[in-house]
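Structure file upload17.cif with mmCIF, C-alpha atoms:
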data_target
#
loop_
_atom_site.label_atom_id
_atom_site.label_comp_id
_atom_site.auth_asym_id
_atom_site.auth_seq_id
_atom_site.Cartn_x
_atom_site.Cartn_y
_atom_site.Cartn_z
CA MET A 1 -2.87 -36.03 -2.85
CA LYS A 2 -4.63 -36.88 0.43
CA ASN A 3 -6.76 -33.75 0.63
CA GLU A 4 -7.75 -33.69 -3.03
CA LEU A 5 -11.40 -32.79 -3.52
CA ASP A 6 -13.73 -34.33 -6.07
CA PRO A 7 -13.51 -32.22 -9.28
CA ARG A 8 -17.32 -31.88 -9.19
CA ILE A 9 -17.04 -29.99 -5.90
CA HIS A 10 -14.61 -27.56 -7.50
CA ARG A 11 -16.88 -27.19 -10.54
CA ALA A 12 -19.83 -26.40 -8.27
CA LEU A 13 -17.76 -23.80 -6.40
CA ASP A 14 -16.62 -22.35 -9.72
CA GLY A 15 -20.26 -21.96 -10.78
CA GLU A 16 -19.88 -24.49 -13.60
CA LEU A 17 -22.10 -27.17 -12.05
CA ASP A 18 -25.47 -26.82 -10.38
CA PRO A 19 -25.10 -27.98 -6.73
CA ALA A 20 -28.44 -29.77 -7.14
CA ALA A 21 -26.54 -32.34 -9.23
CA LEU A 22 -24.49 -33.30 -6.14
CA ASP A 23 -25.48 -35.63 -3.34
CA ALA A 24 -26.34 -34.27 0.12
CA GLY A 25 -22.82 -34.78 1.56
CA GLU A 26 -21.18 -33.05 -1.39
CA ARG A 27 -23.66 -30.18 -1.21
CA ALA A 28 -22.86 -29.74 2.47
CA LEU A 29 -19.14 -29.59 1.66
CA VAL A 30 -19.72 -27.02 -1.10
CA ALA A 31 -21.79 -24.92 1.29
CA ARG A 32 -19.07 -25.18 3.94
CA LEU A 33 -16.29 -24.14 1.55
CA ASP A 34 -18.44 -21.32 0.24
CA ALA A 35 -19.09 -20.09 3.78
CA LEU A 36 -15.37 -20.26 4.59
CA SER A 37 -14.52 -18.19 1.54
CA ARG A 38 -17.13 -15.61 2.45
CA SER A 39 -15.85 -15.39 6.01
CA LEU A 40 -12.35 -14.66 4.71
CA SER A 41 -13.71 -11.94 2.46
CA ALA A 42 -15.05 -10.00 5.46
CA VAL A 43 -11.95 -7.85 5.83
CA PRO A 44 -12.28 -4.17 6.70
CA ALA A 45 -10.74 -2.21 3.82
CA GLY A 46 -8.48 -0.23 6.15
CA ARG A 47 -7.32 3.35 6.04
CA SER A 48 -8.03 5.20 2.79
CA VAL A 49 -5.07 6.07 0.58
CA ALA A 50 -7.06 8.51 -1.58
CA HIS A 51 -5.42 11.47 0.12
CA ARG A 52 -1.90 10.21 -0.64
CA VAL A 53 -2.73 9.25 -4.20
CA MET A 54 -4.47 12.52 -5.09
CA ALA A 55 -1.59 14.50 -3.56
CA ALA A 56 0.77 12.68 -5.93
CA VAL A 57 -1.65 13.12 -8.84
CA ARG A 58 -1.85 16.88 -8.27
CA ARG A 59 1.90 17.26 -8.03
CA PRO A 60 3.31 18.19 -11.45
CA LEU A 61 5.70 15.65 -12.94
CA ALA A 62 9.35 16.57 -12.61
CA THR A 63 11.06 17.49 -15.87
CA PRO A 64 14.06 15.36 -16.95
CA ILE A 65 16.37 18.21 -15.83
CA GLN A 66 14.71 18.32 -12.39
CA ARG A 67 14.96 14.54 -12.08
CA PHE A 68 18.67 14.67 -13.02
CA ARG A 69 19.27 17.47 -10.49
CA ARG A 70 17.50 15.46 -7.78
CA TRP A 71 19.59 12.40 -8.62
CA VAL A 72 22.81 14.42 -8.46
CA THR A 73 21.93 16.12 -5.17
CA SER A 74 20.53 13.06 -3.36
CA PRO A 75 22.88 10.59 -1.59
CA GLN A 76 23.85 7.61 -3.78
CA PRO A 77 25.43 4.40 -2.50
CA ILE A 78 29.03 4.05 -3.73
CA THR A 79 31.06 0.91 -3.20
CA VAL A 80 34.83 1.24 -3.38
CA SER A 81 37.19 -1.70 -3.00
CA LEU A 82 40.70 -0.78 -1.85
CA ARG A 83 43.81 -2.72 -0.94
CA PRO A 84 44.62 -2.46 2.79
CA VAL A 85 47.71 -0.34 2.23
CA TYR A 86 45.80 2.22 0.16
CA SER A 87 43.01 2.24 2.74
CA LEU A 88 45.54 3.10 5.43
CA VAL A 89 46.98 5.98 3.38
CA ILE A 90 43.52 7.36 2.62
CA ALA A 91 42.45 7.06 6.26
CA VAL A 92 45.52 9.03 7.34
CA LEU A 93 44.84 11.73 4.73
CA LEU A 94 41.16 12.00 5.73
CA ALA A 95 42.08 12.19 9.42
CA ALA A 96 44.56 14.99 8.68
CA LEU A 97 41.96 16.84 6.63
CA LEU A 98 39.26 16.54 9.30
CA TRP A 99 41.74 17.58 12.01
CA ARG A 100 42.39 20.81 10.12
CA THR A 101 38.70 21.53 9.58
CA PRO A 102 37.40 23.46 12.61
CA GLU A 103 33.71 22.63 12.08
CA GLY A 104 31.52 20.73 9.64
CA PRO A 105 30.08 22.39 6.58
CA LYS A 106 26.91 24.31 7.15
CA PRO A 107 23.98 23.76 4.81
CA VAL A 108 23.93 26.29 2.02
CA LEU A 109 20.55 27.89 1.46
CA GLY A 110 19.52 29.23 -1.91
CA ALA A 111 18.07 32.70 -2.21
CA GLU A 112 14.58 31.26 -2.63
CA GLU A 113 14.81 28.76 0.25
CA GLY A 114 14.14 29.02 3.96
CA VAL A 115 14.32 26.88 7.09
CA ALA A 116 11.04 25.48 8.42
CA GLN A 117 10.87 24.14 11.97
CA PHE A 118 8.22 21.55 12.73
CA VAL A 119 7.43 21.05 16.42
CA ALA A 120 4.69 18.89 17.88
CA ARG A 121 3.90 17.29 21.23
CA PHE A 122 2.98 13.60 21.06
CA PRO A 123 3.95 12.10 24.45
CA GLU A 124 2.76 8.55 23.62
CA ALA A 125 4.21 8.37 20.13
CA HIS A 126 6.98 6.01 19.08
CA SER A 127 7.63 7.87 15.84
CA VAL A 128 6.47 11.11 14.26
CA ALA A 129 7.07 12.31 10.71
CA VAL A 130 5.91 15.30 8.73
CA VAL A 131 4.37 14.81 5.30
CA GLY A 132 3.41 17.52 2.88
CA ASN A 133 3.43 18.64 -0.68
CA PHE A 134 7.18 19.26 -0.28
CA ASN A 135 7.99 15.55 0.22
CA ASP A 136 5.25 14.02 -1.91
CA TRP A 137 3.25 13.07 1.25
CA ARG A 138 5.62 10.16 1.87
CA PRO A 139 5.44 9.21 5.58
CA GLY A 140 9.07 8.07 5.83
CA ALA A 141 10.67 11.04 4.10
CA THR A 142 10.97 13.57 6.93
CA PRO A 143 11.06 12.09 10.45
CA LEU A 144 10.92 14.26 13.57
CA SER A 145 13.14 13.42 16.54
CA ASP A 146 12.66 13.47 20.29
CA ASP A 147 16.21 13.05 21.58
CA ASP A 148 15.41 13.83 25.23
CA HIS A 149 12.23 11.70 25.27
CA ASP A 150 10.06 14.51 26.62
CA GLY A 151 7.33 13.91 24.05
CA VAL A 152 8.18 17.02 22.06
CA TRP A 153 9.21 16.10 18.52
CA ASP A 154 10.95 18.46 16.14
CA ALA A 155 12.74 18.73 12.82
CA ARG A 156 14.30 21.56 10.85
CA VAL A 157 13.93 21.29 7.11
CA ILE A 158 15.13 23.45 4.22
CA LEU A 159 12.17 24.16 1.96
CA PRO A 160 11.49 26.31 -1.07
CA ALA A 161 10.05 29.67 -0.06
CA GLY A 162 6.28 29.84 -0.29
CA GLN A 163 3.20 28.16 1.08
CA HIS A 164 3.24 24.46 1.97
CA GLU A 165 0.51 22.10 3.17
CA TYR A 166 1.44 19.43 5.69
CA MET A 167 0.30 16.95 8.35
CA PHE A 168 2.00 14.87 11.00
CA VAL A 169 2.05 11.06 10.78
CA VAL A 170 2.15 9.50 14.23
CA ASP A 171 3.44 5.93 14.62
CA GLY A 172 3.32 5.49 10.87
CA GLU A 173 -0.43 5.40 10.58
CA ARG A 174 -2.26 8.26 12.32
CA TRP A 175 -2.43 11.42 10.16
CA VAL A 176 -2.88 14.48 12.38
CA PRO A 177 -3.03 18.15 11.38
CA ASP A 178 -0.63 20.37 13.33
CA PRO A 179 -2.72 21.68 16.27
CA MET A 180 -0.40 24.69 16.54
CA ALA A 181 -0.68 25.78 12.90
CA GLY A 182 -2.12 29.20 12.34
CA ARG A 183 -3.90 28.28 9.15
CA TYR A 184 -5.62 25.25 7.66
CA VAL A 185 -7.11 24.34 4.29
CA ASP A 186 -9.60 21.65 3.31
CA ASP A 187 -8.00 18.70 1.54
CA ASP A 188 -11.15 17.73 -0.42
CA PHE A 189 -11.37 14.45 1.51
CA GLY A 190 -13.10 15.78 4.60
CA ARG A 191 -9.94 16.61 6.51
CA GLN A 192 -7.80 19.67 6.90
CA ASN A 193 -4.14 20.22 6.14
CA ALA A 194 -2.08 22.69 8.15
CA VAL A 195 -0.52 25.50 6.14
CA LEU A 196 3.03 26.77 6.58
CA LEU A 197 4.53 29.87 5.01
CA VAL A 198 8.29 29.68 4.44
CA ARG A 199 10.04 33.02 3.92
CA PRO A 200 13.15 33.22 1.75
CA HIS A 201 16.44 32.86 3.63
CA ARG A 202 17.48 36.44 2.85
CA THR A 203 14.46 37.93 4.56
CA GLN A 204 14.89 35.61 7.58
CA GLN A 205 18.25 37.20 8.40
CA MET B 1 -19.94 -2.07 -13.16
CA THR B 2 -21.43 1.32 -12.33
CA ALA B 3 -24.71 2.51 -10.88
CA ALA B 4 -27.25 4.09 -13.20
CA GLY B 5 -26.36 7.66 -14.03
CA GLU B 6 -22.72 7.31 -13.03
CA PRO B 7 -20.07 7.62 -15.72
CA SER B 8 -18.49 4.36 -16.85
CA ASP B 9 -14.83 3.63 -16.20
CA ALA B 10 -14.05 4.32 -19.86
CA GLU B 11 -15.72 7.73 -19.63
CA VAL B 12 -13.83 8.65 -16.46
CA VAL B 13 -10.53 7.48 -17.95
CA ALA B 14 -11.19 9.65 -21.02
CA GLN B 15 -11.96 12.59 -18.74
CA VAL B 16 -8.66 12.14 -16.87
CA LEU B 17 -6.69 11.77 -20.10
CA ALA B 18 -8.31 14.97 -21.37
CA GLY B 19 -6.66 16.81 -18.49
CA ASP B 20 -9.13 16.54 -15.60
CA ALA B 21 -6.80 14.98 -13.02
CA GLU B 22 -9.39 15.36 -10.24
CA ALA B 23 -11.64 12.85 -12.03
CA PHE B 24 -9.13 10.15 -11.07
CA GLY B 25 -10.66 10.45 -7.59
CA VAL B 26 -13.81 8.80 -8.98
CA LEU B 27 -11.83 5.71 -9.96
CA ILE B 28 -10.08 5.66 -6.59
CA ALA B 29 -13.41 5.81 -4.76
CA ARG B 30 -14.75 3.03 -7.00
CA TYR B 31 -11.92 0.51 -6.52
CA GLU B 32 -9.90 1.52 -3.46
CA GLY B 33 -11.86 -0.64 -0.98
CA GLY B 34 -11.54 -3.83 -3.04
CA LEU B 35 -7.88 -3.16 -3.79
CA LEU B 36 -7.08 -2.59 -0.11
CA ARG B 37 -8.81 -5.83 0.89
CA PHE B 38 -7.06 -7.75 -1.91
CA ALA B 39 -3.65 -6.32 -0.97
CA ALA B 40 -4.24 -6.91 2.75
CA ARG B 41 -4.88 -10.61 2.10
CA MET B 42 -1.87 -10.80 -0.22
CA MET B 43 0.53 -9.01 2.13
CA GLY B 44 -0.86 -10.04 5.53
CA SER B 45 -0.48 -6.45 6.72
CA ARG B 46 -2.77 -3.48 6.29
CA ASP B 47 0.10 -0.97 6.34
CA ALA B 48 2.01 -2.82 3.63
CA ALA B 49 -1.26 -3.15 1.70
CA ALA B 50 -1.90 0.59 1.90
CA ASP B 51 1.60 1.28 0.53
CA ALA B 52 1.16 -1.19 -2.33
CA VAL B 53 -2.27 0.21 -3.26
CA ALA B 54 -1.11 3.84 -3.07
CA GLU B 55 1.94 3.08 -5.21
CA GLY B 56 -0.19 1.10 -7.65
CA LEU B 57 -2.81 3.83 -8.02
CA VAL B 58 -0.19 6.54 -8.59
CA ARG B 59 1.45 4.28 -11.16
CA ALA B 60 -1.93 3.69 -12.81
CA TYR B 61 -2.50 7.44 -13.06
CA ARG B 62 0.96 8.09 -14.52
CA HIS B 63 0.52 5.34 -17.14
CA LEU B 64 -3.21 5.75 -17.78
CA GLY B 65 -2.53 6.44 -21.44
CA SER B 66 -1.22 2.90 -21.83
CA CYS B 67 -4.50 1.36 -20.59
CA ARG B 68 -5.53 -0.19 -23.90
CA ASP B 69 -9.09 -1.05 -22.90
CA PRO B 70 -10.38 1.61 -20.45
CA ALA B 71 -13.66 -0.30 -20.10
CA ARG B 72 -11.59 -2.92 -18.29
CA PHE B 73 -9.87 -0.44 -16.00
CA ARG B 74 -10.70 -2.64 -13.01
CA THR B 75 -8.65 -5.63 -14.12
CA TRP B 76 -5.87 -3.32 -15.37
CA VAL B 77 -5.50 -1.55 -12.02
CA TYR B 78 -5.74 -4.86 -10.13
CA ARG B 79 -2.87 -6.14 -12.27
CA ILE B 80 -0.73 -3.13 -11.34
CA VAL B 81 -1.48 -3.49 -7.61
CA ALA B 82 -0.97 -7.27 -7.74
CA ASN B 83 2.46 -6.68 -9.25
CA ARG B 84 3.29 -4.15 -6.53
CA CYS B 85 2.27 -6.72 -3.89
CA LYS B 86 4.40 -9.44 -5.49
CA SER B 87 7.31 -7.05 -5.78
CA HIS B 88 7.05 -6.17 -2.07
CA LEU B 89 6.70 -9.84 -1.12
CA ALA B 90 9.77 -10.74 -3.18
CA ARG B 91 11.83 -8.20 -1.24
CA ARG B 92 10.80 -9.70 2.10
CA PRO B 93 13.14 -12.25 3.66
CA VAL B 94 12.13 -15.84 2.91
CA GLY B 95 9.58 -17.12 5.42
CA ASP B 96 8.68 -13.64 6.61
CA VAL B 97 4.91 -13.87 6.58
CA SER B 98 3.38 -11.19 8.72
CA LEU B 99 0.64 -12.76 10.79
CA ASP B 100 0.63 -10.50 13.82
CA ASP B 101 -0.52 -7.67 11.62
CA ALA B 102 -3.01 -9.77 9.68
CA PRO B 103 -6.25 -8.01 8.78
CA PRO B 104 -8.88 -8.48 11.44
CA ILE B 105 -11.75 -10.79 10.73
CA ALA B 106 -15.35 -9.73 10.92
CA ALA B 107 -17.08 -10.16 14.27
CA PRO B 108 -19.44 -13.13 14.45
CA GLU B 109 -23.12 -12.35 14.32
CA HIS B 110 -23.89 -14.63 17.28
CA ALA B 111 -21.78 -14.45 20.41
CA ASP B 112 -22.08 -18.21 21.18
CA GLU B 113 -20.40 -19.02 17.84
CA GLY B 114 -17.70 -16.50 18.56
CA VAL B 115 -14.83 -18.50 20.06
CA ASP B 116 -14.97 -21.47 17.66
CA ARG B 117 -15.46 -19.28 14.66
CA ALA B 118 -12.67 -16.90 15.58
CA ASP B 119 -10.35 -19.86 16.10
CA GLN B 120 -11.40 -21.35 12.78
CA LEU B 121 -10.89 -18.09 10.95
CA GLU B 122 -7.52 -17.53 12.53
CA ARG B 123 -6.46 -20.98 11.33
CA LEU B 124 -7.79 -20.19 7.87
CA GLU B 125 -5.95 -16.88 7.79
CA ARG B 126 -2.70 -18.60 8.71
CA ALA B 127 -3.25 -21.24 6.04
CA LEU B 128 -3.97 -18.53 3.46
CA ALA B 129 -0.84 -16.62 4.47
CA MET B 130 1.28 -19.76 4.13
CA LEU B 131 0.12 -20.47 0.56
CA ALA B 132 2.49 -19.69 -2.30
CA PRO B 133 1.77 -16.11 -3.49
CA GLU B 134 0.37 -17.21 -6.86
CA LYS B 135 -2.11 -19.61 -5.20
CA ARG B 136 -3.08 -17.00 -2.62
CA GLU B 137 -3.56 -14.45 -5.39
CA ALA B 138 -5.77 -16.80 -7.41
CA PHE B 139 -7.90 -17.72 -4.38
CA VAL B 140 -8.33 -14.11 -3.26
CA LEU B 141 -9.27 -12.87 -6.72
CA LYS B 142 -11.77 -15.70 -7.17
CA HIS B 143 -13.45 -15.81 -3.79
CA LEU B 144 -12.83 -12.45 -2.16
CA ASP B 145 -13.09 -10.23 -5.23
CA GLY B 146 -15.56 -12.46 -7.03
CA MET B 147 -13.76 -12.35 -10.36
CA SER B 148 -14.41 -14.70 -13.25
CA TYR B 149 -11.50 -16.81 -14.48
CA GLU B 150 -11.34 -14.58 -17.59
CA GLU B 151 -10.91 -11.48 -15.42
CA MET B 152 -8.36 -13.29 -13.27
CA SER B 153 -6.42 -14.18 -16.40
CA ALA B 154 -6.36 -10.49 -17.39
CA VAL B 155 -5.08 -9.56 -13.92
CA THR B 156 -2.43 -12.25 -13.52
CA GLY B 157 -1.41 -12.99 -17.10
CA ALA B 158 -1.78 -16.72 -16.29
CA ARG B 159 -3.87 -19.12 -18.38
CA ILE B 160 -7.33 -20.13 -17.18
CA PRO B 161 -6.51 -23.86 -16.60
CA THR B 162 -3.48 -22.77 -14.54
CA LEU B 163 -5.63 -20.43 -12.48
CA LYS B 164 -8.25 -23.12 -11.88
CA MET B 165 -5.53 -25.47 -10.67
CA ARG B 166 -4.20 -22.79 -8.29
CA VAL B 167 -7.67 -22.08 -6.86
CA HIS B 168 -8.37 -25.78 -6.43
CA ARG B 169 -5.07 -26.40 -4.63
CA ALA B 170 -5.69 -23.36 -2.41
CA ARG B 171 -9.17 -24.62 -1.42
CA GLU B 172 -7.74 -28.02 -0.58
CA ALA B 173 -4.97 -26.49 1.52
CA LEU B 174 -7.48 -24.39 3.47
CA LEU B 175 -9.74 -27.39 4.01
CA ALA B 176 -6.74 -29.42 5.20
CA ALA B 177 -5.90 -26.66 7.69
CA LEU B 178 -9.39 -26.96 9.16
CA LYS B 179 -9.23 -30.76 9.28
CA GLU B 180 -6.02 -30.53 11.31
CA GLN B 181 -7.95 -28.46 13.81
CA SER B 182 -10.77 -30.96 14.29
#

Can you give me the file's structure in the form of structure tokens?
Amino acid sequence: MKNELDPRIHRALDGELDPAALDAGERALVARLDALSRSLSAVPAGRSVAHRVMAAVRRPLATPIQRFRRWVTSPQPITVSLRPVYSLVIAVLLAALLWRTPEGPKPVLGAEEGVAQFVARFPEAHSVAVVGNFNDWRPGATPLSDDDHDGVWDARVILPAGQHEYMFVVDGERWVPDPMAGRYVDDDFGRQNAVLLVRPHRTQQ
Amino acid sequence: MTAAGEPSDAEVVAQVLAGDAEAFGVLIARYEGGLLRFAARMMGSRDAAADAVAEGLVRAYRHLGSCRDPARFRTWVYRIVANRCKSHLARRPVGDVSLDDAPPIAAPEHADEGVDRADQLERLERALAMLAPEKREAFVLKHLDGMSYEEMSAVTGARIPTLKMRVHRAREALLAALKEQS
């Protein structure tokens, strides 16, 4: 190989050979490669993930029954292969069914669930999501939308009744507490989470 | 390696396994910076690195009981994060090496060296990003994380002669990238 280095250079860089045993040119090359490696190591560590990790650590593990329930109630990809003639029949049946249905099904709320509305104004943002203990602090789980592009982002989410901690994630990387929240709590990492109280559906009516 | 008076990794792991989940924060504080830098060099993107490190640390917490030698928690958690990085890289389309989002390099100490050095480092970063993942991993663990070949073997599961060969080839590739420049 054209760029192959003398094995002694590698041994010196690996700390297995004293550079003093090399000649001046080889020592200069070792020093250069060492400096290059050190320059590459000067990377800022980036945004801390301690907050995300500790949120997941504090969250109790789901029981097998809860995991099964989540699997059953979450959307699963299903692939069905049909012959064209069957597809046509099914399409006609579905069209007839939808034609007779006056409006789409409304979400069914349990007695211990309520609807939370998240609203925030971020005029410069390209994306906004809400993260909290209800979605495992996963930035992609609950996006907000700004359909009329006026900078006001919102989302309505069904949540278990009770107190929830949350933050907004702007453009996928900036974690911001809700400036309009009425209450905040320390998150043990020097920041504050907004607090939301969701009332049960029955008492909202 | 811990400062005097601080609990060792093995002690903190035992504390967490005894039910003190908050103690896991000590291990995060101890290794998060190095893991983020390692993952950033592996992935070429700080966002992707943050995801891989967060997933790896949560996985480490959930499987802490299977850490057979808590005194070597560092290499164990690096192995988990390295596997997360490789798993993410494997899911990327072939040839999709993120360079636009590459981690920024440190500012030069002297302004007059700035332009040449920045150019040189950019070329090095590109060469590092273009290396095969296993060579990049070996180089980063050796030179950026300062691991011994024994520790690298514990992280990667590869044999020491194999790792030496990967590091050597990576050095030569980086040097070749600089020669092309001059």

Nearby residues, (-0.5, -3.2, -12.4) file frame, 9 Å, all atoms listed in the file, as a PyMOL selection string = chain B and resi 56-57+59-60+75-84+155

Residues selected by the PyMOL selection byres ((chain A) within 9 of (chain B)), written as a ChimeraX atom specification = /A:3-5,7,10,14,33-34,36-50,52-54,56-58,172-173

inquiry  = Here's the selection I'm unsure about, the PyMOL selection byres ((chain A and resi 109-123) around 9); applied to the file above, which residues does it give, as an MDAnalysis selection string?
reply    = chainID A and resid 107:108 124:126 128 130 144 149:162 168 170 178:180 196:204

inquiry  = Restricting the calculation to all atoms listed in the file: of B:Ser8, B:Arg126, B:Met43, B:Ala90, which residue gets closest to B:Ala71?
reply    =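 Result for the nearest residue to B:Ala71: B:Ser8.
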
remark   = atom CA of B:Ile160 to atom CA of B:Ala48 measures 28.6 Å
